[in-house]
Structures are given as structure tokens and as C-alpha cells.
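Engineer: Enclosed is the structure file coords_20.txt (compact mmCIF, C-alpha atoms and all ligand atoms).
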```
# COMPACT_ATOMS: atom_id res chain seq x y z
CA MET A 1 -7.41 -26.95 4.54
CA ASN A 2 -6.55 -28.77 1.31
CA ARG A 3 -2.87 -28.18 0.73
CA ARG A 4 -2.74 -30.27 -2.42
CA ARG A 5 -5.35 -27.96 -3.96
CA PHE A 6 -3.13 -24.98 -3.11
CA PHE A 7 0.03 -26.42 -4.60
CA GLN A 8 -1.69 -27.57 -7.79
CA HIS A 9 -3.08 -24.08 -8.29
CA SER A 10 0.21 -22.36 -7.42
CA ALA A 11 2.19 -24.64 -9.70
CA ALA A 12 0.02 -23.56 -12.62
CA VAL A 13 0.59 -19.91 -11.80
CA ALA A 14 4.32 -20.46 -11.26
CA MET A 15 4.66 -21.81 -14.77
CA MET A 16 3.40 -18.54 -16.20
CA SER A 17 6.53 -16.60 -15.23
CA ARG A 18 9.92 -18.05 -14.34
CA PRO A 19 11.61 -15.83 -11.79
CA ALA A 20 14.59 -13.74 -12.85
CA PHE A 21 16.92 -15.59 -10.50
CA ALA A 22 20.05 -13.93 -11.81
CA ARG A 23 19.38 -10.86 -9.69
CA LEU A 24 18.91 -12.72 -6.47
CA GLN A 25 21.51 -15.42 -6.35
CA ALA A 26 20.57 -16.52 -2.88
CA ILE A 27 17.15 -17.52 -4.11
CA ALA A 28 18.61 -19.14 -7.19
CA GLU A 29 20.91 -21.40 -5.22
CA GLN A 30 18.14 -22.75 -3.09
CA SER A 31 15.42 -22.96 -5.70
CA ASN A 32 14.19 -26.01 -7.52
CA ASP A 33 11.10 -26.80 -9.52
CA SER A 34 8.83 -27.40 -6.58
CA THR A 35 6.50 -24.49 -5.86
CA ALA A 36 6.56 -25.19 -2.13
CA SER A 37 10.33 -25.12 -2.00
CA PHE A 38 10.41 -21.97 -4.12
CA TRP A 39 8.26 -20.12 -1.59
CA ASN A 40 10.15 -21.66 1.33
CA ASN A 41 13.31 -20.21 -0.19
CA ILE A 42 11.63 -16.84 -0.49
CA ARG A 43 10.68 -17.04 3.19
CA ARG A 44 14.31 -17.71 4.07
CA GLN A 45 15.25 -14.31 2.60
CA PHE A 46 13.49 -12.68 5.57
CA PRO A 47 14.93 -12.33 9.08
CA LEU A 48 11.32 -12.65 10.28
CA ARG A 49 11.00 -14.76 13.45
CA ASN A 50 9.46 -18.20 13.11
CA ASP A 51 8.05 -18.46 16.63
CA ARG A 52 5.00 -16.43 15.64
CA VAL A 53 2.97 -15.86 12.49
CA TYR A 54 3.05 -12.37 11.01
CA PHE A 55 -0.15 -11.34 9.22
CA ASN A 56 0.13 -7.55 9.43
CA THR A 57 1.92 -6.38 6.28
CA ALA A 58 -0.89 -3.84 5.80
CA GLY A 59 0.42 -2.24 9.00
CA LEU A 60 4.14 -2.68 8.41
CA GLY A 61 5.90 -4.93 5.91
CA PRO A 62 8.96 -6.80 7.17
CA SER A 63 11.88 -6.36 4.73
CA PRO A 64 13.86 -9.14 3.11
CA GLN A 65 17.59 -9.28 3.80
CA THR A 66 18.47 -7.72 0.42
CA VAL A 67 16.60 -4.55 1.43
CA LEU A 68 18.36 -4.45 4.80
CA ASP A 69 21.72 -4.94 3.06
CA GLY A 70 20.98 -2.16 0.55
CA LEU A 71 20.04 0.16 3.39
CA GLN A 72 23.10 -0.69 5.48
CA ASN A 73 25.64 -0.63 2.64
CA GLU A 74 24.40 2.69 1.34
CA THR A 75 24.42 4.21 4.83
CA ARG A 76 27.99 3.05 5.32
CA SER A 77 29.17 4.34 1.95
CA HIS A 78 27.84 7.81 2.79
CA ASP A 79 29.59 7.75 6.11
CA GLU A 80 32.81 6.68 4.41
CA THR A 81 32.79 9.67 2.06
CA GLY A 82 30.61 12.17 3.87
CA GLU A 83 28.64 12.69 0.63
CA ALA A 84 24.84 12.79 0.67
CA GLY A 85 24.24 10.63 -2.43
CA HIS A 86 21.77 13.00 -4.12
CA GLU A 87 22.36 11.32 -7.48
CA ILE A 88 20.39 8.22 -6.49
CA PHE A 89 17.12 10.18 -6.26
CA ASP A 90 16.80 10.99 -9.99
CA LYS A 91 17.60 7.43 -10.97
CA ALA A 92 15.11 6.06 -8.44
CA ARG A 93 12.44 8.54 -9.48
CA ARG A 94 12.72 7.38 -13.10
CA ARG A 95 12.50 3.75 -12.08
CA VAL A 96 9.52 4.17 -9.73
CA ALA A 97 7.73 6.39 -12.28
CA ALA A 98 8.18 3.86 -15.08
CA TRP A 99 6.92 1.11 -12.79
CA VAL A 100 3.71 2.94 -11.78
CA GLY A 101 3.09 4.35 -15.26
CA ALA A 102 3.87 8.00 -14.57
CA ALA A 103 6.43 10.55 -15.76
CA ALA A 104 9.51 10.95 -13.56
CA GLU A 105 8.71 14.59 -12.83
CA GLU A 106 5.34 13.56 -11.37
CA ILE A 107 6.93 11.56 -8.53
CA ALA A 108 8.39 12.88 -5.26
CA PHE A 109 9.82 10.69 -2.52
CA THR A 110 8.28 11.05 0.93
CA ARG A 111 8.59 9.46 4.36
CA ASN A 112 5.21 7.73 4.16
CA ALA A 113 1.71 7.87 2.68
CA THR A 114 0.61 10.33 5.35
CA GLU A 115 3.29 12.83 4.39
CA GLY A 116 2.20 12.54 0.77
CA MET A 117 -1.42 13.16 1.76
CA ASN A 118 -0.39 16.28 3.69
CA ILE A 119 1.51 17.57 0.65
CA ILE A 120 -1.63 17.05 -1.44
CA ALA A 121 -4.18 18.41 1.05
CA ARG A 122 -2.14 21.56 1.65
CA GLY A 123 -1.40 21.94 -2.03
CA VAL A 124 -5.01 22.04 -3.25
CA PRO A 125 -6.34 25.54 -2.57
CA LEU A 126 -9.73 24.88 -0.98
CA ARG A 127 -12.23 27.72 -0.79
CA ALA A 128 -14.80 28.43 1.91
CA ASN A 129 -17.90 26.29 1.26
CA ASP A 130 -16.05 23.82 -0.97
CA GLU A 131 -16.84 20.24 -0.12
CA VAL A 132 -14.34 17.43 0.27
CA LEU A 133 -16.03 14.09 -0.27
CA THR A 134 -14.42 11.02 1.23
CA THR A 135 -15.41 7.73 2.85
CA PHE A 136 -15.98 6.24 6.29
CA HIS A 137 -13.23 3.71 5.53
CA GLU A 138 -10.26 6.06 5.43
CA HIS A 139 -7.20 5.62 7.60
CA PRO A 140 -6.38 8.60 9.88
CA GLY A 141 -3.26 9.18 7.76
CA GLY A 142 -5.52 9.81 4.76
CA ALA A 143 -8.42 11.58 6.50
CA ILE A 144 -6.80 13.89 9.07
CA PRO A 145 -4.84 16.00 6.53
CA TRP A 146 -8.15 16.73 4.76
CA ILE A 147 -10.08 17.48 7.96
CA VAL A 148 -7.43 20.04 8.89
CA ALA A 149 -7.23 21.48 5.35
CA ALA A 150 -11.03 21.81 5.25
CA ARG A 151 -11.16 23.44 8.69
CA ASN A 152 -8.44 25.92 7.74
CA ALA A 153 -10.30 26.88 4.57
CA GLY A 154 -13.83 26.91 6.00
CA ALA A 155 -14.71 24.04 3.68
CA THR A 156 -16.80 21.00 4.67
CA ILE A 157 -16.08 17.29 4.66
CA ARG A 158 -18.75 14.73 3.85
CA LEU A 159 -18.45 10.97 4.21
CA ILE A 160 -19.98 8.18 2.18
CA ASP A 161 -20.07 4.47 2.85
CA LEU A 162 -18.38 2.01 0.51
CA PRO A 163 -20.43 -0.69 -1.20
CA LYS A 164 -19.22 -4.25 -0.66
CA GLN A 165 -19.15 -4.91 -4.40
CA PRO A 166 -16.32 -2.85 -5.96
CA LYS A 167 -18.17 -2.12 -9.19
CA ASP A 168 -20.98 -0.38 -7.27
CA VAL A 169 -18.63 2.35 -6.07
CA VAL A 170 -19.02 4.46 -9.22
CA ALA A 171 -22.79 4.82 -8.78
CA GLU A 172 -22.32 5.55 -5.07
CA VAL A 173 -19.78 8.31 -5.78
CA GLU A 174 -21.93 9.76 -8.57
CA ARG A 175 -25.03 9.83 -6.33
CA ASN A 176 -23.11 11.85 -3.73
CA LEU A 177 -21.48 14.51 -5.90
CA ASN A 178 -22.96 17.98 -5.78
CA ALA A 179 -22.13 21.46 -7.04
CA ALA A 180 -19.86 22.15 -4.03
CA THR A 181 -17.76 18.99 -4.36
CA ARG A 182 -14.21 20.10 -5.11
CA VAL A 183 -12.23 17.02 -4.11
CA PHE A 184 -12.97 13.33 -3.85
CA MET A 185 -10.47 11.31 -1.84
CA MET A 186 -10.59 7.59 -1.15
CA SER A 187 -8.33 4.62 -0.63
CA HIS A 188 -7.65 2.59 -3.74
CA VAL A 189 -7.74 -0.36 -1.32
CA PRO A 190 -9.25 0.58 2.07
CA CYS A 191 -7.32 -0.49 5.16
CA THR A 192 -10.58 -1.88 6.56
CA THR A 193 -11.83 -4.51 4.12
CA GLY A 194 -8.94 -4.74 1.64
CA THR A 195 -11.41 -4.64 -1.25
CA ILE A 196 -9.80 -3.41 -4.50
CA TYR A 197 -11.95 -0.63 -5.99
CA PRO A 198 -11.95 0.24 -9.72
CA ALA A 199 -10.16 3.56 -9.38
CA ALA A 200 -10.01 4.27 -13.12
CA ASP A 201 -13.81 4.13 -13.34
CA PHE A 202 -14.58 6.71 -10.68
CA CYS A 203 -11.64 8.91 -11.69
CA ALA A 204 -13.11 9.12 -15.21
CA LEU A 205 -16.40 10.29 -13.69
CA LEU A 206 -14.62 12.86 -11.51
CA ARG A 207 -12.63 14.17 -14.47
CA GLU A 208 -15.86 14.65 -16.46
CA ARG A 209 -17.25 16.72 -13.57
CA GLY A 210 -14.05 18.75 -13.03
CA ILE A 211 -13.58 17.32 -9.51
CA ILE A 212 -10.07 16.75 -8.16
CA SER A 213 -9.35 13.05 -7.56
CA VAL A 214 -7.04 11.93 -4.77
CA LEU A 215 -6.19 8.31 -4.07
CA ASP A 216 -4.64 6.85 -0.96
CA GLY A 217 -2.63 3.92 -2.29
CA ALA A 218 -1.01 2.81 0.99
CA GLN A 219 -2.68 -0.62 0.73
CA ALA A 220 -2.56 -0.91 -3.05
CA VAL A 221 1.04 -0.47 -4.19
CA GLY A 222 2.72 -3.87 -4.03
CA MET A 223 -0.62 -5.65 -3.59
CA THR A 224 -2.27 -4.99 -6.94
CA PRO A 225 -0.99 -3.54 -10.24
CA VAL A 226 -1.05 0.27 -10.20
CA ALA A 227 -0.92 2.19 -13.51
CA LEU A 228 -1.38 5.84 -12.63
CA ARG A 229 -1.92 7.30 -16.10
CA THR A 230 -4.51 4.60 -16.76
CA ILE A 231 -6.21 5.30 -13.46
CA GLY A 232 -6.21 8.98 -14.43
CA CYS A 233 -6.23 10.43 -10.91
CA ASP A 234 -4.80 13.84 -10.06
CA PHE A 235 -2.90 12.73 -6.95
CA TYR A 236 -1.81 9.41 -5.44
CA THR A 237 0.16 8.69 -2.28
CA THR A 238 1.70 5.54 -0.87
CA SER A 239 4.19 4.09 1.60
CA GLY A 240 7.17 1.91 0.73
CA HIS A 241 7.15 0.11 4.09
CA LYS A 242 3.91 -1.83 3.65
CA TRP A 243 3.29 -4.13 0.65
CA LEU A 244 6.58 -3.13 -0.99
CA LEU A 245 8.46 -4.41 2.09
CA GLY A 246 10.83 -1.46 1.70
CA PRO A 247 12.69 0.51 4.37
CA LYS A 248 10.69 2.13 7.16
CA GLU A 249 10.03 5.80 6.36
CA SER A 250 9.90 5.36 2.63
CA GLY A 251 7.12 6.37 0.26
CA PHE A 252 6.23 8.49 -2.70
CA VAL A 253 3.57 10.86 -3.93
CA TYR A 254 2.26 11.30 -7.47
CA ILE A 255 1.33 14.81 -8.51
CA ALA A 256 0.01 14.71 -12.09
CA ASN A 257 1.59 17.30 -14.37
CA ALA A 258 -1.85 18.72 -15.19
CA THR A 259 -2.38 19.72 -11.53
CA GLN A 260 0.53 22.18 -11.73
CA GLU A 261 -2.07 24.71 -12.94
CA PHE A 262 -3.47 24.92 -9.41
CA PHE A 263 -1.13 22.96 -7.09
CA LYS A 264 0.44 25.21 -4.41
CA PRO A 265 3.46 23.64 -2.71
CA SER A 266 3.58 24.36 0.99
CA PHE A 267 6.59 22.35 2.20
CA VAL A 268 9.59 23.73 0.35
CA GLY A 269 13.31 24.37 0.76
CA ALA A 270 16.64 23.60 -0.88
CA TYR A 271 16.07 21.58 -4.11
CA SER A 272 12.50 22.94 -4.51
CA ASP A 273 13.73 25.72 -6.80
CA VAL A 274 14.89 26.11 -10.36
CA ARG A 275 16.22 29.62 -9.62
CA TYR A 276 16.94 31.12 -6.25
CA ASP A 277 18.90 34.19 -5.20
CA LEU A 278 18.24 35.46 -1.72
CA ASP A 279 20.18 38.71 -2.26
CA GLU A 280 17.81 39.58 -5.08
CA MET A 281 14.85 37.90 -3.41
CA ALA A 282 14.42 35.86 -6.57
CA LEU A 283 12.68 32.51 -6.35
CA GLU A 284 11.29 30.33 -9.05
CA LEU A 285 9.94 27.01 -7.81
CA ARG A 286 9.96 23.78 -9.79
CA LYS A 287 6.70 23.07 -11.56
CA THR A 288 7.07 19.35 -10.87
CA ALA A 289 6.33 17.01 -7.97
CA GLN A 290 9.96 17.31 -6.93
CA VAL A 291 9.19 20.77 -5.53
CA SER A 292 7.97 18.91 -2.42
CA GLU A 293 11.17 16.89 -2.04
CA TYR A 294 13.05 19.56 -0.14
CA GLY A 295 16.08 19.43 2.14
CA THR A 296 18.55 16.67 2.99
CA ARG A 297 17.19 13.16 2.52
CA ASN A 298 18.34 9.68 3.43
CA ALA A 299 19.70 8.18 0.21
CA ALA A 300 19.99 4.80 1.95
CA THR A 301 16.20 4.62 2.24
CA ILE A 302 15.95 5.07 -1.51
CA ARG A 303 18.61 2.41 -2.09
CA GLY A 304 16.58 0.06 0.12
CA LEU A 305 13.40 0.87 -1.81
CA LEU A 306 15.17 0.02 -5.08
CA ALA A 307 16.35 -3.25 -3.52
CA ALA A 308 12.71 -4.00 -2.68
CA LEU A 309 11.73 -3.47 -6.34
CA ASP A 310 14.64 -5.77 -7.35
CA PHE A 311 13.36 -8.40 -4.96
CA PHE A 312 9.86 -8.44 -6.47
CA GLU A 313 11.14 -8.22 -10.03
CA ALA A 314 13.23 -11.31 -9.33
CA ILE A 315 10.12 -13.16 -8.17
CA GLY A 316 7.92 -11.57 -10.82
CA TRP A 317 5.19 -9.02 -9.99
CA GLN A 318 2.35 -11.12 -11.31
CA LYS A 319 3.58 -14.10 -9.36
CA THR A 320 3.75 -11.91 -6.24
CA PHE A 321 0.15 -10.71 -6.65
CA ASP A 322 -1.02 -14.23 -7.48
CA ARG A 323 0.64 -15.66 -4.37
CA GLN A 324 -1.01 -13.10 -2.09
CA ARG A 325 -4.39 -13.78 -3.68
CA GLU A 326 -4.01 -17.55 -3.51
CA LEU A 327 -3.27 -17.44 0.20
CA ALA A 328 -6.21 -15.08 0.71
CA CYS A 329 -8.39 -17.37 -1.38
CA LEU A 330 -7.58 -20.34 0.83
CA LEU A 331 -8.45 -18.37 3.93
CA ILE A 332 -11.68 -16.99 2.44
CA GLU A 333 -12.86 -20.42 1.32
CA ASP A 334 -12.29 -21.87 4.75
CA LEU A 335 -13.69 -18.97 6.77
CA GLN A 336 -16.87 -19.17 4.69
CA LYS A 337 -17.47 -22.60 6.23
CA LEU A 338 -17.69 -21.20 9.76
CA PRO A 339 -21.25 -20.14 10.63
CA ARG A 340 -20.21 -17.55 13.24
CA VAL A 341 -17.77 -15.84 10.88
CA GLU A 342 -18.77 -12.97 8.61
CA LEU A 343 -16.44 -11.84 5.82
CA LEU A 344 -16.13 -8.11 5.21
CA THR A 345 -13.83 -8.52 2.21
CA ALA A 346 -15.69 -9.06 -1.08
CA PRO A 347 -14.89 -12.71 -1.92
CA GLU A 348 -15.39 -12.45 -5.69
CA ALA A 349 -12.41 -13.01 -8.00
CA GLY A 350 -10.62 -9.73 -8.72
CA ALA A 351 -12.17 -7.96 -5.72
CA PHE A 352 -9.45 -8.80 -3.23
CA GLY A 353 -5.68 -9.16 -3.01
CA GLY A 354 -3.69 -9.95 0.13
CA ILE A 355 -6.16 -8.69 2.76
CA VAL A 356 -8.98 -10.68 4.36
CA THR A 357 -11.13 -9.02 7.03
CA PHE A 358 -13.69 -10.93 9.06
CA ARG A 359 -15.88 -10.71 12.14
CA VAL A 360 -16.79 -13.41 14.63
CA LYS A 361 -20.31 -13.12 16.07
CA GLY A 362 -20.22 -12.27 19.76
CA LEU A 363 -16.60 -11.08 19.80
CA SER A 364 -15.12 -7.66 19.18
CA GLY A 365 -12.34 -7.16 16.66
CA LEU A 366 -9.97 -6.38 19.51
CA GLN A 367 -10.94 -9.58 21.33
CA ILE A 368 -10.32 -11.73 18.24
CA THR A 369 -6.99 -10.05 17.53
CA GLN A 370 -5.88 -10.30 21.15
CA LYS A 371 -6.83 -14.00 21.38
CA LEU A 372 -4.97 -14.74 18.15
CA LEU A 373 -1.83 -13.14 19.52
CA GLU A 374 -1.96 -14.36 23.11
CA ASP A 375 -3.26 -17.90 22.61
CA PHE A 376 -1.93 -18.73 19.12
CA LYS A 377 1.02 -16.33 18.52
CA ILE A 378 -0.63 -14.98 15.40
CA ARG A 379 -0.21 -11.25 14.74
CA ALA A 380 -3.22 -9.70 13.03
CA ARG A 381 -4.76 -6.19 13.30
CA ALA A 382 -8.09 -5.15 14.78
CA ILE A 383 -10.28 -3.01 12.54
CA THR A 384 -11.96 -0.41 14.70
CA GLU A 385 -12.50 2.13 11.90
CA HIS A 386 -16.16 2.95 11.19
CA LYS A 387 -17.03 0.71 14.18
CA LEU A 388 -16.52 -2.30 11.93
CA ASP A 389 -15.19 -4.25 14.89
CA ALA A 390 -13.35 -6.86 12.85
CA CYS A 391 -10.00 -8.58 12.45
CA ARG A 392 -7.71 -8.02 9.43
CA ILE A 393 -5.30 -10.57 8.05
CA SER A 394 -2.61 -9.55 5.54
CA LEU A 395 -0.95 -12.22 3.40
CA HIS A 396 2.30 -11.71 1.55
CA VAL A 397 5.00 -13.75 -0.18
CA PHE A 398 6.74 -14.70 3.08
CA ASN A 399 3.55 -16.29 4.43
CA ALA A 400 2.89 -19.99 3.94
CA PRO A 401 -0.24 -22.10 3.48
CA GLU A 402 0.68 -23.83 6.75
CA GLU A 403 0.37 -20.46 8.49
CA VAL A 404 -3.06 -19.93 6.94
CA GLU A 405 -3.97 -23.40 8.17
CA ARG A 406 -2.81 -22.47 11.67
CA LEU A 407 -4.91 -19.33 11.53
CA PHE A 408 -7.97 -21.21 10.34
CA ASP A 409 -7.63 -23.71 13.20
CA ALA A 410 -7.31 -20.82 15.65
CA VAL A 411 -10.37 -18.99 14.29
CA GLN A 412 -12.34 -22.22 14.34
CA GLU A 413 -11.50 -22.64 18.01
CA ILE A 414 -12.24 -18.99 18.83
CA ALA A 415 -15.55 -19.15 16.96
CA SER A 416 -16.67 -22.53 18.36
C1 LIG A 501 -5.08 3.41 3.65
C2 LIG A 501 -3.96 3.92 4.49
N1 LIG A 501 -3.54 5.18 4.35
C3 LIG A 501 -2.53 5.68 5.06
C4 LIG A 501 -1.88 4.92 6.00
C5 LIG A 501 -0.77 5.53 6.78
O1 LIG A 501 0.43 4.98 6.39
P1 LIG A 501 1.80 5.62 6.90
O2 LIG A 501 1.77 5.52 8.39
O3 LIG A 501 2.84 4.77 6.30
O4 LIG A 501 1.82 7.02 6.45
C6 LIG A 501 -2.28 3.61 6.21
C7 LIG A 501 -1.61 2.78 7.22
O5 LIG A 501 -1.97 1.67 7.53
C8 LIG A 501 -3.34 3.08 5.44
O6 LIG A 501 -3.78 1.84 5.58
```
If you took the structure in this file and wrote it as C-alpha cells, what would it be?
Ligand SMILES: Cc1ncc(COP(=O)(O)O)c(C=O)c1O
Structural biologist:
Amino acid sequence: MNRRRFFQHSAAVAMMSRPAFARLQAIAEQSNDSTASFWNNIRRQFPLRNDRVYFNTAGLGPSPQTVLDGLQNETRSHDETGEAGHEIFDKARRRVAAWVGAAAEEIAFTRNATEGMNIIARGVPLRANDEVLTTFHEHPGGAIPWIVAARNAGATIRLIDLPKQPKDVVAEVERNLNAATRVFMMSHVPCTTGTIYPAADFCALLRERGIISVLDGAQAVGMTPVALRTIGCDFYTTSGHKWLLGPKESGFVYIANATQEFFKPSFVGAYSDVRYDLDEMALELRKTAQVSEYGTRNAATIRGLLAALDFFEAIGWQKTFDRQRELACLLIEDLQKLPRVELLTAPEAGAFGGIVTFRVKGLSGLQITQKLLEDFKIRARAITEHKLDACRISLHVFNAPEEVERLFDAVQEIAS
């Protein structure tokens, strides 16, 4: 592992955007011009233990202290007054919407990506014999809501494989569409390989054919720029507790305004309505995503999510994405030197962010992951989906090149 190479490259990237230190004084106090010390200071913002290496942000992102403080302070303030803090939701919706390039009324807060996918799958009225097209690489949280929706409607589900090269996905989707295809759902970044697919390209194709496009963005938001209007999908769902490092049980769903023509909300309650009078049995539901944000919510979770956005804005989003990719790049370059290791992540520039998935010949994904944890105190995740039998490494701003080095040494030993 050539650390000098890493720091030279990072220093060049760091010069592109100076962090907005004013908003995170703790970082400011400890920061100086050295890239290594900058990232060391970032690491110190996390209560993450140092006696093991955490490479599983794609499973669950550990929060920095500012997020934990936001969560705790907001919880306390509600318990001091007894008020629910509803007012934070509109403000947060506007901020999140502006950040992902959507209108505020197209965003609803959820508990996680899975909840968002359920809202979508139950909200698209499928007909008997409709086909839902999706991929072998979906997470259960993305796939199961559609399997159930299809079963309930008498529709069918068909699966396609994903090409290793992201650009080839458009032809693969096109080849598999037919007259019955009503919905196409796939992960913007699959949890298996971490490859970033060109969502705008296949959504344009789907729009041309009148097919509903649904994206699972659980692995994309916070790992790669997401501009929803540019992507042009109908629906998008994500979690706040993965790459955004936000509070557990945070997330949001995007329901494009245009889908209100056919979208049928199924989870509803107080705050879903614009007019409601039980005595007169009068009910008019909102024609916005917010219709699905019913009932009492935890405002502290939203405060924590906003603190997570503050944290990344203080670092700089581009710098965040660059850092993830640089760490991944180091790992990819070194894993490519090991003859028994096969990379599942496309190694070309632009095709990957913070996820690297690999196999070791002769070992199962579970065996690799178990050995990493038990023998080297490195937490990774086994990829069993689609029988890929691999090991997934997630790299985020709190990870260090030294940790990648430790992983490489471990893999080298495992694969020797
Ligand atoms: C692509 C994808 N979709 C959905 C999920 C489910 O996320 P959550 O449990 O936060 O709903 C995951 C979790 O890893 C995922 O990787």
C-alpha cells in the first residue's frame, strides 16, 4: 500500500473545496492544512470504537457526535415542553428536497428505505397480468414489497441480471421490456456490487415506454450525487442511517408530482388530509408525498438527519464522495494484485463509490467475512444475494488508509 500516493492524490482533491468549518467548530479547532490530520479530525467526531475496523456503512452508518447531540437535545426539548415539534418537518422537507433536486411536496419522511418501498409498491395499482421487472441484485427490503404487491394483484415478477459495466444496463433493460411490463424497479447502487448505474439513462427509456420507474437509493444517497429531477424517475426511496450517517430509523421517499394521477396512498392517518370531518364523513387526502407521512413522528430523528446534512456540508459533499472513492480506489488497486481474488465491483473510474465487493477463490463469502472479524477484528458484510458468495467492504469518511492497509494485509493472508 503506497500511502504517499494516497495523500498526494487526496491533497489535490482537498484543495478543490475548503470545508465550511464555521458550522463545525470542533473540526475547525483541530484542523490544519495536512490532509491526513484533517481526516483524523473527522474520525475523532465519531464515538466509533478503535479496537476494530468498521467497514459496513452500507449496512448501518455510525453517526458522528453532532448527530447524536442533535438527536438527544431535540428529544430532551420535547420532553421539557411536551410538544411534538411538528414544525421541524416542513423545514426539513424543504432542505432535503432542495438537496436531492426535488420539490418539497414530493418528499415524505419514513423510518427506512423499506418503508418507502412499501409505500410505493402498495401505491401503484397493479393489475392482474401486469409484470414487475426487477433484478437479481435487489435487497429483500426492495424486493419483498413488490413480490407481495404482485401476488396480491395477480401480477408477475421477472428478474434480470445486471451487467458488470454500468453503461450496459440500458440495453439490458430495453431487451427485457415487453407489453406487460408496468413497473421497473432496481437499486441505483445495488447492495451486492456497489456499482453505480446510470439511472437517468434507463429512466428516460422507461418514460418513453410509459413504464413506471422505481429506484431503491438505500446505497446511493450519501455515496454519490443524487439529482432526482435529472434522473427523472417516478419514485425513489432511501434510508438516512446508511451513507448519510443519520439517526437509526430515518429515511425518506420521493413520490414525483406527476405520479399523483395514479398513486393510491395506503398508509394514511392524521396529517394525510387537507379536509377531514368524520361527522360528515368528508375526507380529502393530500395530493402530495406527505399523504404518507401520517401520525405522530419523532422530530428528534429529523433533527438528527439535519445534523447529518450539516456535518457533510461542513466537509463538502464532493470532498466526501472523493474520499470514499479514493479509499475504494486504493483497495481495488491492491486487491487486483492478488491472483485468488476476483472483484465484483466494476473498477473503472465513475463506476464505483464507497463499496468494494470481492471473492476469494476457494472460500465462501461468509468464510471470508467471518475470518476478517474473528482473526483481524475487521467488520465487513457477506454477500449471499444471488449466490454471489462474496465479501463487501464499505468505505466512508471515518475510515483511514491505514485501515484499508490492514484489510489488504488480512485478505492477502486469507488468500495465500
Ligand atoms: C439496496 C437496499 N435497499 C434496501 C435496504 C433496506 O434498508 P433499511 O433496512 O434501512 O430499510 C438495504 C439495506 O442494506 C439496501 O442495501
Engineer: Could you list, as a PyMOL selection string, all the residues within 6 Å of ligand LIG 501 (chain A), counting all atoms listed in the file?
Structural biologist: chain A and resi 58-59+112-114+139+141-142+187+190-191+216+218-219+239
Engineer: Might you pull out every residue within 8 Å of Ala351 in chain A, with only C-alpha atoms counted and same-chain residues fewer than 6 positions away left off, and present them as a PDB file with C-alpha atoms, in the coordinates of the input?
Structural biologist:
```pdb
ATOM      1  CA  GLN A 165     -19.150  -4.910  -4.400  1.00  0.00           C
ATOM      2  CA  PRO A 166     -16.320  -2.850  -5.960  1.00  0.00           C
ATOM      3  CA  THR A 195     -11.410  -4.640  -1.250  1.00  0.00           C
ATOM      4  CA  ILE A 196      -9.800  -3.410  -4.500  1.00  0.00           C
ATOM      5  CA  TYR A 197     -11.950  -0.630  -5.990  1.00  0.00           C
TER       6      TYR A 197
END
```
Engineer: Within 7 Å of Val356 in chain A, counting all atoms listed in the file, which residues qualify if same-chain residues fewer than 2 places away don't, as a ChimeraX atom specification?
Structural biologist: /A:193-194,328,345,354,358,392-394
Engineer: Would you mind reading off the distance between CA of Glu385 in chain A and CA of Phe109 in chain A, one decimal, in Å?
Structural biologist: 27.9 Å
Engineer: So that I can check the surroundings of Val148 in chain A, please list as a ChimeraX atom specification every protein, DNA and RNA residue that reaches within 12 Å of it, counting all atoms listed in the file and ignoring chain neighbours fewer than 5 positions away.
Structural biologist: /A:117-118,121-122,126,132,140-143,153-157
Engineer: With a distance cut-off of 9 Å and all atoms listed in the file, select the neighbouring residues of range 88-92 of chain A, excluding the residue or stretch itself and same-chain residues fewer than 3 positions from it, and output the selection as number ranges by chain.
Structural biologist: A: 85, 95-97, 104, 109, 299, 302-303, 305-306
Engineer: What does the distance between CA of Ala282 in chain A and CA of Phe252 in chain A come to in Å, to one decimal place?
Structural biologist: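 Interatomic distance here is 28.8 Å.
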Engineer: So the first atom is CA of Ala149 in chain A and the second is CA of Ile212 in chain A; what is the distance between them in Å, to one decimal place?
Structural biologist: 14.6 Å
Engineer: Please provide the set of residues having any atom within 7 Å of Gly101 in chain A, restricted to only C-alpha atoms, with same-chain residues fewer than 6 positions apart removed, written as a PDB file with C-alpha atoms, keeping the file's coordinate frame.
Structural biologist:
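Result file follows (around_7.pdb):
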```
ATOM      1  CA  ALA A 227      -0.920   2.190 -13.510  1.00  0.00           C
ATOM      2  CA  LEU A 228      -1.380   5.840 -12.630  1.00  0.00           C
ATOM      3  CA  ARG A 229      -1.920   7.300 -16.100  1.00  0.00           C
TER       4      ARG A 229
END
```
Engineer: Please determine, counting all atoms listed in the file, which residue among A:Lys164, A:Lys361, A:Arg381, A:Arg286 has the shortest atom-to-atom distance to Thr57 in chain A.
Structural biologist: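 Of the candidates, the smallest distance to Thr57 in chain A is held by A:Arg381.
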Engineer: Go through A:Pro125, A:Pro347, A:Gly116, A:Pro47 and flag the residue nearest Asp69 in chain A, using all atoms listed in the file for the distances.
Structural biologist: A:Pro47
Engineer: Which residue gives the smallest distance to His386 in chain A among A:Thr134, A:Ser272, A:Asn41, A:Thr192, with only C-alpha atoms counted?
Structural biologist: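 Counting only C-alpha atoms, the residue closest to His386 in chain A is A:Thr192.
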Engineer: Using only C-alpha atoms, pick whichever of A:Asn399, A:Gln367, A:Ser292, A:Thr230 has the shortest atom-to-atom distance to Leu327 in chain A.
Structural biologist: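 The answer is A:Asn399, which sits nearest to Leu327 in chain A.
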Engineer: Which residue gives the smallest distance to Leu372 in chain A among A:Cys233, A:Val53, A:Ala199, A:Ala204, with all atoms listed in the file counted?
Structural biologist: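 Of all the options, A:Val53 lies closest to Leu372 in chain A.
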Engineer: A:Ile355, A:Ile383, A:Ile368, A:Ala390: which is nearest Ala410 in chain A, counting all atoms listed in the file?
Structural biologist: A:Ile368
Engineer: Please put the answer as AutoDock Vina command-line options: centre and edge lengths, in Å with one decimal, of a box along x, y and z that encloses all listed atoms of range 93-102 of chain A plus 6 Å on each side.
Structural biologist:
```
--center_x 7.9 --center_y 4.8 --center_z -12.4 --size_x 21.6 --size_y 19.4 --size_z 17.8
```
Engineer: Kindly assemble as CSV a list of the range 255-334 of chain A residues that lie within 9 Å of range 75-82 of chain A, each paired with its nearest atom pair and their distance in Å to one decimal, using only C-alpha atoms, sorted first by chain and then by ascending residue number.
Structural biologist:
```
residue,atom,partner,partner_atom,distance
A:Asn298,CA,A:Thr75,CA,8.3
A:Ala299,CA,A:Thr75,CA,7.7
A:Ala300,CA,A:Thr75,CA,5.3
A:Thr301,CA,A:Thr75,CA,8.6
```
